[in-house]
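Enquirer: So that we are looking at the same thing, I have put the structure below in structure tokens.
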Amino acid sequence: MIRALLARQVRHQRALLLSLCGGLALLEWLLVVIVDRIETGPGMLALFEQIMPPAVRALLAPQLGMVSFGGLVAFGFTHPAALVAMIAFVVVVGTVPAGERETGLLDLILSRPVPRSRYFAALVLLLVAGAVLLPLSLVAGAAVGLVEVDNPQALPWTRYLHAAGGLTALLLAIGGYTLFFAAGSPRRGRATAQAVGLTVVLFWVDMMARLWSPLEHVHWLSPFHYYDPMGAVIAGGAPPEHPIVLLGIFVLATAAALLRFRRQNI
């Protein structure tokens, strides 16, 4: 039964997932090529110091880490366009229960002998699949680009699997609390607004904590604090507690979402 429910959800989301995978791979490939061309000229560090004002340099320097070819290729794993696209997919999948409840389709599905836990499990499996495939698309784009360029600073493409693993954990954490909001919401728009609003606030807290000292005491509350792709690539791996925290958020939020979903009067 879970297989049939999952197949149904895959049919609905496969066009979005495949287009995002292709777009992310292309984005990362272009980034590798562009960074290689810049490095053969003045170098990214010199360009970065020339065009960026001091305040922007202070904000972005930790994200760029050691401004090297390998670190800048890893920037694709935290590029705003890439993050927005992947989080959008997670939110779309995570808010399916609210959307199908709003249209009345959920009533029709659950009127059959379909346990709510199996319906919910199919969504979680699709969420996990997307959270794995989207970061791997970035790795694929990086791998193709690294084969084409000849840069002595280039790192093996396998090093970027560390960044992909951290990104998967981050997407799962966001998907977990998105499922929680959707499990108790009668409207998809409301659940989407809650998930997106919380994500924006958490991202803002993590970014502003580098510039505003009062936020240094609460920045650990943001899941983005535990995601550092450049550091993971350069160091050859992230601190082990970071993915544990993110996966813990996913497990706890998903369990709470399932409990909330089972208690809803649908």
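Going by the structure tokens order, chains are called A, B, ..., each with residues numbered from 1, while ligands are numbered from 1 in the order shown.
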Just want the 8 Å neighbourhood of His242 of chain A, counted on only C-alpha atoms, with same-chain residues fewer than 2 positions away dropped. Output as a PyMOL selection string.
Expert: chain A and resi 166+226-227+238-240+244-246
Enquirer: Taking only C-alpha atoms into account, produce a table as JSON lines in which each residue of segment 164-209 of chain A with an atom at most 10 Å from an atom of segment 247-265 of chain A appears once, together with its shortest atom pair and the distance in Å to one decimal, ordered by chain and rising number.
Expert:
```
{"residue": "A:Gly166", "atom": "CA", "partner": "A:Leu247", "partner_atom": "CA", "distance": 9.8}
{"residue": "A:Thr168", "atom": "CA", "partner": "A:Leu247", "partner_atom": "CA", "distance": 9.2}
{"residue": "A:Ala169", "atom": "CA", "partner": "A:Leu247", "partner_atom": "CA", "distance": 5.7}
{"residue": "A:Leu170", "atom": "CA", "partner": "A:Leu247", "partner_atom": "CA", "distance": 7.8}
{"residue": "A:Leu171", "atom": "CA", "partner": "A:Phe250", "partner_atom": "CA", "distance": 8.9}
{"residue": "A:Leu172", "atom": "CA", "partner": "A:Phe250", "partner_atom": "CA", "distance": 5.6}
{"residue": "A:Ala173", "atom": "CA", "partner": "A:Phe250", "partner_atom": "CA", "distance": 4.3}
{"residue": "A:Ile174", "atom": "CA", "partner": "A:Phe250", "partner_atom": "CA", "distance": 7.4}
{"residue": "A:Gly175", "atom": "CA", "partner": "A:Phe250", "partner_atom": "CA", "distance": 7.1}
{"residue": "A:Gly176", "atom": "CA", "partner": "A:Phe250", "partner_atom": "CA", "distance": 4.6}
{"residue": "A:Tyr177", "atom": "CA", "partner": "A:Ala253", "partner_atom": "CA", "distance": 5.3}
{"residue": "A:Thr178", "atom": "CA", "partner": "A:Ala253", "partner_atom": "CA", "distance": 8.5}
{"residue": "A:Leu179", "atom": "CA", "partner": "A:Ala257", "partner_atom": "CA", "distance": 5.8}
{"residue": "A:Phe180", "atom": "CA", "partner": "A:Ala257", "partner_atom": "CA", "distance": 4.0}
{"residue": "A:Phe181", "atom": "CA", "partner": "A:Ala257", "partner_atom": "CA", "distance": 7.5}
{"residue": "A:Ala182", "atom": "CA", "partner": "A:Ala257", "partner_atom": "CA", "distance": 8.0}
{"residue": "A:Ala183", "atom": "CA", "partner": "A:Phe261", "partner_atom": "CA", "distance": 4.8}
{"residue": "A:Gly184", "atom": "CA", "partner": "A:Phe261", "partner_atom": "CA", "distance": 6.3}
{"residue": "A:Ser185", "atom": "CA", "partner": "A:Gln264", "partner_atom": "CA", "distance": 9.4}
{"residue": "A:Pro186", "atom": "CA", "partner": "A:Gln264", "partner_atom": "CA", "distance": 9.9}
```
Enquirer: Could you write out, as a ChimeraX atom specification, all the residues of segment 39-262 of chain A that DSSP marks as alpha helix (DSSP H)?
Expert: /A:39,44-51,54-64,69-73,80-94,96-103,105-110,116-148,160-183,188-208,229-235,241-262
Enquirer: Would you save the residues from that selection as a compact mmCIF listing (two decimals), in the first residue's frame, using C-alpha atoms?
Expert:
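Saved result, result-v7.txt, follows:
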```txt
# COMPACT_ATOMS: atom_id res chain seq x y z
CA GLU A 39 41.25 31.91 -11.08
CA MET A 44 38.93 35.28 -6.80
CA LEU A 45 40.48 36.64 -3.60
CA ALA A 46 41.72 39.80 -5.33
CA LEU A 47 38.40 40.25 -7.13
CA PHE A 48 36.48 39.66 -3.90
CA GLU A 49 38.47 42.33 -2.04
CA GLN A 50 38.14 44.85 -4.85
CA ILE A 51 34.41 44.79 -5.55
CA PRO A 54 33.88 46.06 3.95
CA ALA A 55 30.50 45.24 5.54
CA VAL A 56 29.65 42.73 2.81
CA ARG A 57 33.11 41.17 3.03
CA ALA A 58 32.64 40.70 6.78
CA LEU A 59 29.31 38.95 6.15
CA LEU A 60 30.40 36.73 3.27
CA ALA A 61 33.95 35.89 4.27
CA PRO A 62 32.91 33.10 6.69
CA GLN A 63 30.74 31.62 3.96
CA LEU A 64 33.57 31.69 1.43
CA PHE A 69 39.09 27.13 -6.01
CA GLY A 70 37.82 24.18 -3.99
CA GLY A 71 36.02 26.36 -1.47
CA LEU A 72 34.37 28.50 -4.12
CA VAL A 73 33.09 25.46 -6.00
CA PRO A 80 20.78 31.53 -2.64
CA ALA A 81 19.14 30.33 -5.86
CA ALA A 82 20.03 26.72 -5.12
CA LEU A 83 18.86 26.90 -1.51
CA VAL A 84 15.57 28.58 -2.45
CA ALA A 85 14.87 25.96 -5.14
CA MET A 86 15.58 23.01 -2.85
CA ILE A 87 13.70 24.43 0.11
CA ALA A 88 10.77 25.17 -2.21
CA PHE A 89 10.60 21.49 -3.18
CA VAL A 90 10.72 20.45 0.46
CA VAL A 91 7.90 22.84 1.32
CA VAL A 92 5.81 21.67 -1.64
CA VAL A 93 6.11 18.04 -0.56
CA GLY A 94 5.76 18.80 3.14
CA VAL A 96 0.78 18.00 0.61
CA PRO A 97 -1.41 16.86 3.57
CA ALA A 98 -2.78 20.38 4.02
CA GLY A 99 -3.31 20.78 0.28
CA GLU A 100 -5.19 17.50 -0.10
CA ARG A 101 -7.21 18.24 3.00
CA GLU A 102 -8.18 21.63 1.57
CA THR A 103 -9.38 20.13 -1.72
CA LEU A 105 -9.00 14.64 -1.65
CA LEU A 106 -7.64 13.54 1.71
CA ASP A 107 -11.17 12.65 2.87
CA LEU A 108 -11.59 10.44 -0.21
CA ILE A 109 -8.22 8.71 0.30
CA LEU A 110 -8.77 8.03 4.00
CA ARG A 116 -2.97 7.43 8.19
CA SER A 117 0.50 6.27 9.13
CA ARG A 118 1.02 4.72 5.68
CA TYR A 119 -0.24 7.80 3.88
CA PHE A 120 2.15 9.86 5.98
CA ALA A 121 5.04 7.42 5.44
CA ALA A 122 4.73 7.76 1.66
CA LEU A 123 5.18 11.53 1.96
CA VAL A 124 8.18 11.12 4.24
CA LEU A 125 9.80 8.72 1.75
CA LEU A 126 9.31 11.21 -1.08
CA LEU A 127 10.71 13.98 1.11
CA VAL A 128 13.80 11.89 1.90
CA ALA A 129 14.27 11.00 -1.77
CA GLY A 130 14.16 14.66 -2.78
CA ALA A 131 16.49 15.69 0.04
CA VAL A 132 19.03 13.14 -1.24
CA LEU A 133 18.66 13.60 -5.00
CA LEU A 134 18.79 17.41 -5.07
CA PRO A 135 22.19 17.72 -3.33
CA LEU A 136 23.52 14.83 -5.42
CA SER A 137 22.58 16.82 -8.52
CA LEU A 138 24.94 19.55 -7.35
CA VAL A 139 27.66 16.92 -6.87
CA ALA A 140 27.02 15.64 -10.40
CA GLY A 141 27.35 19.14 -11.83
CA ALA A 142 30.57 19.69 -9.89
CA ALA A 143 31.97 16.34 -11.05
CA VAL A 144 31.32 17.13 -14.73
CA GLY A 145 32.81 20.61 -14.36
CA LEU A 146 35.92 19.36 -12.57
CA VAL A 147 36.55 16.87 -15.37
CA GLU A 148 36.44 19.68 -17.94
CA TYR A 160 31.76 17.51 -2.26
CA LEU A 161 29.80 14.54 -0.98
CA HIS A 162 30.47 15.95 2.50
CA ALA A 163 28.64 19.15 1.54
CA ALA A 164 25.84 17.12 -0.06
CA GLY A 165 25.38 15.12 3.14
CA GLY A 166 25.09 18.26 5.23
CA LEU A 167 22.65 19.76 2.75
CA THR A 168 20.50 16.63 2.86
CA ALA A 169 20.35 16.85 6.65
CA LEU A 170 19.40 20.55 6.47
CA LEU A 171 16.60 19.89 3.95
CA LEU A 172 15.25 17.07 6.11
CA ALA A 173 15.19 19.33 9.16
CA ILE A 174 13.19 21.94 7.23
CA GLY A 175 10.94 19.24 5.83
CA GLY A 176 10.29 17.90 9.32
CA TYR A 177 8.84 21.10 10.71
CA THR A 178 7.02 21.75 7.43
CA LEU A 179 5.23 18.41 7.86
CA PHE A 180 4.36 19.41 11.41
CA PHE A 181 2.71 22.63 10.26
CA ALA A 182 0.87 20.88 7.41
CA ALA A 183 -0.35 18.03 9.63
CA ARG A 188 -2.03 24.73 2.28
CA GLY A 189 -1.37 28.44 2.09
CA ARG A 190 -1.34 28.72 5.85
CA ALA A 191 1.08 25.81 6.28
CA THR A 192 3.34 27.18 3.53
CA ALA A 193 3.41 30.62 5.13
CA GLN A 194 4.32 29.13 8.51
CA ALA A 195 7.12 26.97 7.09
CA VAL A 196 8.56 29.68 4.86
CA GLY A 197 8.26 32.33 7.57
CA LEU A 198 10.07 30.20 10.13
CA THR A 199 12.78 29.29 7.61
CA VAL A 200 13.40 32.93 6.73
CA VAL A 201 13.63 33.90 10.41
CA LEU A 202 16.05 31.07 11.18
CA PHE A 203 18.21 31.95 8.18
CA TRP A 204 18.23 35.61 9.22
CA VAL A 205 19.28 34.70 12.76
CA ASP A 206 22.20 32.64 11.48
CA MET A 207 23.39 35.35 9.07
CA MET A 208 22.96 38.32 11.41
CA PRO A 229 29.49 23.29 3.08
CA MET A 230 32.70 25.22 2.42
CA GLY A 231 34.17 24.14 5.74
CA ALA A 232 33.10 20.54 5.17
CA VAL A 233 34.74 20.41 1.74
CA ILE A 234 37.98 22.08 2.80
CA ALA A 235 38.31 20.11 6.04
CA GLU A 241 27.45 16.67 15.86
CA HIS A 242 26.13 18.95 13.09
CA PRO A 243 24.32 16.31 10.99
CA ILE A 244 23.22 14.61 14.21
CA VAL A 245 21.47 17.80 15.33
CA LEU A 246 19.80 18.31 11.95
CA LEU A 247 18.66 14.70 11.65
CA GLY A 248 17.43 14.88 15.25
CA ILE A 249 15.25 17.86 14.32
CA PHE A 250 13.87 15.88 11.38
CA VAL A 251 13.08 12.78 13.44
CA LEU A 252 11.46 14.69 16.32
CA ALA A 253 9.48 17.05 14.10
CA THR A 254 8.31 14.20 11.84
CA ALA A 255 7.23 12.11 14.82
CA ALA A 256 5.33 15.08 16.24
CA ALA A 257 3.77 15.70 12.83
CA LEU A 258 2.58 12.08 12.57
CA LEU A 259 1.07 12.25 16.06
CA ARG A 260 -0.66 15.51 15.18
CA PHE A 261 -1.90 14.13 11.87
CA ARG A 262 -3.36 11.00 13.48
```
Enquirer: When you draw a straight line from atom CA of Gln153 of chain A to atom CA of Ser68 of chain A, how long is it in Å?
Expert: 7.4 Å
Enquirer: So, counting only C-alpha atoms, which residue among A:Thr95, A:Arg112, A:Asn151, A:Leu26 is closest to Ile38 of chain A?
Expert: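 Smallest separation from Ile38 of chain A among the options: A:Asn151.
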